[in-house]
Amino acid sequence: MQDMPVMTFRCPPLPFLVDARRRTYGAGEEHPGRIDLGWFELLYVRRGRLRIREAQRLWTAEAGQALLLPPGAARWSGGACAEETEVELVHFQSSGDWEETAAGSEPGLLGDHYTHAIRLPRLIDAREAEDAFGRLAAAAADAEPDGFWLRQQRFGELLRALEAAGRPALPEAAARAVAEQAAAYMKRRWLEPASNAELAEALGFHAVYIARCMVEVYGCTPQQYLQFYRLDQAKLLLLSTDWPIAQVAEACGFRQLPHFTRLFAAHAGLPPLRFRKRFTAEPPRPHE
């Protein structure tokens, strides 16, 4: 499946569930054609085989595979089912950015320290996520007042399971795995000096290879990633405390205030003090 196009979602905001249900097509029945649905359609074939035509491409989802169809695009049956076919139908929306890229193409949407980019091949071997589909279908049938929260929770679990199932099929799977390990290592030790040699020893890869993976996935080297993470921590402290700027800088691993101020201004577009003042609310004056 190395030539499989890929869907990428940036979250938050998280995609949210519209509907989930199980349907069985008898031999000779077809999946209905649709256009401009306004939501994504995820079809998981429990047994049988389902064919869907989309533009110039004919998709065939075998038992154990999940097919992801984007909103807006026309899709219609690619032929009647040759046998009884059981399918999990999941409709969801994404109010955030999303994109489809051809196999091997660089994604335009990337996660950072506080956001995540969900990447799913259009056709996934999703047998490992079959239980998650079942739990979602059961939650979708829950009519209790708290059913909404359970459905969204189960849908989030399904997305996580699908992402894990689809990761090995992504062209950059190896590079992404190394980059994510490096990012996690940096986050755990973000206040400690972390040289490229130490990172290489911890991960068991050559430092040059780790840097190449980080640039490919996150658009920055390991040391740049660590610096950006520290600067983002400084943003949080500026907004959540009244500490002096020098104290914020030191708490985030910066020993020299001018150096911190220069880096912060380049990263946030404002010097630290102006950044804080932008979000500072003055107490209302009492009426005279």
# chains A, B, ... in the order shown; residues from 1 in each chain; ligands from 1
$ residues_around --residues "stretch 17-25 of chain A" --least-positions-apart "4" --cutoff "10 Å" --atoms "only C-alpha atoms" --output "VMD selection string"
chain A and resid 29 to 31 39 to 50 80 to 94 133 to 134 136 to 141 148 151 to 156
$ residues_around --residues "A:Pro71" --least-positions-apart "2" --cutoff "7 Å" --atoms "only C-alpha atoms" --output "PyMOL selection string"
chain A and resi 36-40+69+73
$ write_last_selection --atoms "all heavy atoms" --output "tab-separated table (two decimals), in the first residue's frame"
chain	number	residue	atom	x	y	z
A	36	ASP	N	-21.60	15.79	-2.07
A	36	ASP	CA	-21.70	16.94	-1.16
A	36	ASP	C	-22.31	16.56	0.18
A	36	ASP	O	-23.17	17.28	0.72
A	36	ASP	CB	-22.53	18.06	-1.81
A	36	ASP	CG	-21.80	18.72	-2.97
A	36	ASP	OD1	-20.55	18.69	-2.95
A	36	ASP	OD2	-22.45	19.24	-3.87
A	37	LEU	N	-21.85	15.46	0.74
A	37	LEU	CA	-22.36	15.07	2.06
A	37	LEU	C	-22.01	16.09	3.13
A	37	LEU	O	-22.77	16.30	4.06
A	37	LEU	CB	-21.79	13.70	2.45
A	37	LEU	CG	-22.45	12.46	1.86
A	37	LEU	CD1	-21.72	11.21	2.33
A	37	LEU	CD2	-23.92	12.38	2.27
A	38	GLY	N	-20.85	16.70	3.02
A	38	GLY	CA	-20.42	17.65	4.03
A	38	GLY	C	-19.67	17.01	5.18
A	38	GLY	O	-19.24	17.69	6.11
A	39	TRP	N	-19.52	15.70	5.15
A	39	TRP	CA	-18.76	15.02	6.19
A	39	TRP	C	-17.97	13.87	5.59
A	39	TRP	O	-18.22	13.43	4.48
A	39	TRP	CB	-19.67	14.52	7.31
A	39	TRP	CG	-20.80	13.62	6.89
A	39	TRP	CD1	-20.72	12.41	6.26
A	39	TRP	CD2	-22.20	13.86	7.07
A	39	TRP	NE1	-21.96	11.87	6.06
A	39	TRP	CE2	-22.90	12.75	6.54
A	39	TRP	CE3	-22.93	14.90	7.63
A	39	TRP	CZ2	-24.28	12.65	6.55
A	39	TRP	CZ3	-24.32	14.80	7.64
A	39	TRP	CH2	-24.98	13.69	7.11
A	40	PHE	N	-16.98	13.43	6.34
A	40	PHE	CA	-16.18	12.28	5.91
A	40	PHE	C	-16.99	11.00	6.12
A	40	PHE	O	-17.79	10.91	7.04
A	40	PHE	CB	-14.88	12.20	6.72
A	40	PHE	CG	-13.91	13.29	6.44
A	40	PHE	CD1	-14.00	14.51	7.11
A	40	PHE	CD2	-12.90	13.12	5.51
A	40	PHE	CE1	-13.10	15.52	6.87
A	40	PHE	CE2	-12.00	14.13	5.25
A	40	PHE	CZ	-12.10	15.33	5.93
A	69	LEU	N	-13.41	8.21	2.87
A	69	LEU	CA	-13.88	9.03	1.75
A	69	LEU	C	-14.03	10.48	2.21
A	69	LEU	O	-14.62	10.73	3.26
A	69	LEU	CB	-15.22	8.51	1.23
A	69	LEU	CG	-15.24	7.06	0.74
A	69	LEU	CD1	-16.66	6.61	0.47
A	69	LEU	CD2	-14.38	6.91	-0.51
A	73	ALA	N	-16.72	15.23	-2.27
A	73	ALA	CA	-16.46	14.50	-3.50
A	73	ALA	C	-17.60	13.53	-3.81
A	73	ALA	O	-18.22	12.97	-2.92
A	73	ALA	CB	-15.15	13.72	-3.38
$ residues_around --residues "A:Val248" --least-positions-apart "5" --cutoff "7 Å" --atoms "only C-alpha atoms" --output "number ranges by chain"
A: 234, 237, 243
$ residues_around --residues "stretch 189-197 of chain A" --least-positions-apart "2" --cutoff "8 Å" --atoms "only C-alpha atoms" --output "list of chain:residue names"
A:Tyr185, A:Met186, A:Lys187, A:Leu199, A:Ala200, A:Glu201, A:Ala207, A:Pro222, A:Gln223, A:Leu226, A:Tyr229, A:Arg230, A:Cys252, A:Gly253
$ residues_around --residues "A:Tyr225" --least-positions-apart "4" --cutoff "9 Å" --atoms "only C-alpha atoms" --output "list in words"
His113, Ala183, Met186, Met214, Tyr218, Gly219, Cys220, Thr221, Tyr229 and Arg230 of chain A
$ residues_around --residues "A:Glu99" --least-positions-apart "5" --cutoff "7 Å" --atoms "only C-alpha atoms" --output "PyMOL selection string"
chain A and resi 7-9
$ residues_around --residues "stretch 274-286 of chain A" --least-positions-apart "2" --cutoff "10 Å" --atoms "only C-alpha atoms" --output "PyMOL selection string"
chain A and resi 235-242+245+264-265+268-272+288
$ decode --residues "stretch 203-222 of chain A" --atoms "N, CA, C and O atoms" --output "PDB file, in the first residue's frame"
ATOM      1  N   LEU A 203      18.574   7.012  21.638  1.00  0.00           N
ATOM      2  CA  LEU A 203      17.657   6.436  20.656  1.00  0.00           C
ATOM      3  C   LEU A 203      18.277   5.284  19.873  1.00  0.00           C
ATOM      4  O   LEU A 203      17.556   4.495  19.249  1.00  0.00           O
ATOM      5  N   GLY A 204      19.617   5.208  19.854  1.00  0.00           N
ATOM      6  CA  GLY A 204      20.275   4.136  19.127  1.00  0.00           C
ATOM      7  C   GLY A 204      20.372   4.381  17.644  1.00  0.00           C
ATOM      8  O   GLY A 204      20.497   3.428  16.859  1.00  0.00           O
ATOM      9  N   PHE A 205      20.325   5.651  17.226  1.00  0.00           N
ATOM     10  CA  PHE A 205      20.482   6.012  15.820  1.00  0.00           C
ATOM     11  C   PHE A 205      21.574   7.070  15.690  1.00  0.00           C
ATOM     12  O   PHE A 205      21.883   7.784  16.658  1.00  0.00           O
ATOM     13  N   HIS A 206      22.127   7.194  14.490  1.00  0.00           N
ATOM     14  CA  HIS A 206      23.147   8.216  14.251  1.00  0.00           C
ATOM     15  C   HIS A 206      22.509   9.598  14.348  1.00  0.00           C
ATOM     16  O   HIS A 206      21.364   9.810  13.936  1.00  0.00           O
ATOM     17  N   ALA A 207      23.246  10.551  14.905  1.00  0.00           N
ATOM     18  CA  ALA A 207      22.722  11.899  15.114  1.00  0.00           C
ATOM     19  C   ALA A 207      22.283  12.551  13.803  1.00  0.00           C
ATOM     20  O   ALA A 207      21.274  13.270  13.772  1.00  0.00           O
ATOM     21  N   VAL A 208      23.005  12.308  12.726  1.00  0.00           N
ATOM     22  CA  VAL A 208      22.646  12.908  11.429  1.00  0.00           C
ATOM     23  C   VAL A 208      21.297  12.356  10.945  1.00  0.00           C
ATOM     24  O   VAL A 208      20.463  13.093  10.421  1.00  0.00           O
ATOM     25  N   TYR A 209      21.090  11.054  11.135  1.00  0.00           N
ATOM     26  CA  TYR A 209      19.820  10.444  10.719  1.00  0.00           C
ATOM     27  C   TYR A 209      18.659  10.983  11.548  1.00  0.00           C
ATOM     28  O   TYR A 209      17.587  11.279  11.026  1.00  0.00           O
ATOM     29  N   ILE A 210      18.872  11.133  12.863  1.00  0.00           N
ATOM     30  CA  ILE A 210      17.812  11.684  13.722  1.00  0.00           C
ATOM     31  C   ILE A 210      17.458  13.095  13.276  1.00  0.00           C
ATOM     32  O   ILE A 210      16.280  13.458  13.178  1.00  0.00           O
ATOM     33  N   ALA A 211      18.481  13.914  13.000  1.00  0.00           N
ATOM     34  CA  ALA A 211      18.230  15.291  12.561  1.00  0.00           C
ATOM     35  C   ALA A 211      17.466  15.310  11.246  1.00  0.00           C
ATOM     36  O   ALA A 211      16.538  16.112  11.071  1.00  0.00           O
ATOM     37  N   ARG A 212      17.819  14.418  10.330  1.00  0.00           N
ATOM     38  CA  ARG A 212      17.119  14.369   9.047  1.00  0.00           C
ATOM     39  C   ARG A 212      15.651  13.990   9.247  1.00  0.00           C
ATOM     40  O   ARG A 212      14.755  14.555   8.612  1.00  0.00           O
ATOM     41  N   CYS A 213      15.383  13.041  10.145  1.00  0.00           N
ATOM     42  CA  CYS A 213      14.005  12.641  10.432  1.00  0.00           C
ATOM     43  C   CYS A 213      13.222  13.786  11.070  1.00  0.00           C
ATOM     44  O   CYS A 213      12.051  14.022  10.737  1.00  0.00           O
ATOM     45  N   MET A 214      13.839  14.510  11.996  1.00  0.00           N
ATOM     46  CA  MET A 214      13.169  15.634  12.645  1.00  0.00           C
ATOM     47  C   MET A 214      12.821  16.721  11.645  1.00  0.00           C
ATOM     48  O   MET A 214      11.717  17.294  11.681  1.00  0.00           O
ATOM     49  N   VAL A 215      13.738  17.021  10.753  1.00  0.00           N
ATOM     50  CA  VAL A 215      13.474  18.046   9.737  1.00  0.00           C
ATOM     51  C   VAL A 215      12.354  17.599   8.811  1.00  0.00           C
ATOM     52  O   VAL A 215      11.475  18.392   8.442  1.00  0.00           O
ATOM     53  N   GLU A 216      12.344  16.311   8.455  1.00  0.00           N
ATOM     54  CA  GLU A 216      11.314  15.793   7.552  1.00  0.00           C
ATOM     55  C   GLU A 216       9.933  15.850   8.192  1.00  0.00           C
ATOM     56  O   GLU A 216       8.940  16.185   7.527  1.00  0.00           O
ATOM     57  N   VAL A 217       9.831  15.533   9.482  1.00  0.00           N
ATOM     58  CA  VAL A 217       8.538  15.427  10.149  1.00  0.00           C
ATOM     59  C   VAL A 217       8.102  16.749  10.775  1.00  0.00           C
ATOM     60  O   VAL A 217       6.945  17.153  10.671  1.00  0.00           O
ATOM     61  N   TYR A 218       9.033  17.443  11.454  1.00  0.00           N
ATOM     62  CA  TYR A 218       8.679  18.649  12.200  1.00  0.00           C
ATOM     63  C   TYR A 218       9.199  19.941  11.571  1.00  0.00           C
ATOM     64  O   TYR A 218       8.853  21.031  12.033  1.00  0.00           O
ATOM     65  N   GLY A 219      10.044  19.816  10.571  1.00  0.00           N
ATOM     66  CA  GLY A 219      10.567  21.012   9.912  1.00  0.00           C
ATOM     67  C   GLY A 219      11.659  21.709  10.695  1.00  0.00           C
ATOM     68  O   GLY A 219      11.931  22.888  10.440  1.00  0.00           O
ATOM     69  N   CYS A 220      12.303  21.035  11.650  1.00  0.00           N
ATOM     70  CA  CYS A 220      13.372  21.650  12.439  1.00  0.00           C
ATOM     71  C   CYS A 220      14.307  20.561  12.954  1.00  0.00           C
ATOM     72  O   CYS A 220      13.952  19.385  12.997  1.00  0.00           O
ATOM     73  N   THR A 221      15.498  20.959  13.350  1.00  0.00           N
ATOM     74  CA  THR A 221      16.462  20.017  13.917  1.00  0.00           C
ATOM     75  C   THR A 221      16.096  19.718  15.372  1.00  0.00           C
ATOM     76  O   THR A 221      15.281  20.419  15.973  1.00  0.00           O
ATOM     77  N   PRO A 222      16.724  18.709  15.976  1.00  0.00           N
ATOM     78  CA  PRO A 222      16.428  18.426  17.389  1.00  0.00           C
ATOM     79  C   PRO A 222      16.691  19.614  18.309  1.00  0.00           C
ATOM     80  O   PRO A 222      15.890  19.894  19.206  1.00  0.00           O
TER      81      PRO A 222
END
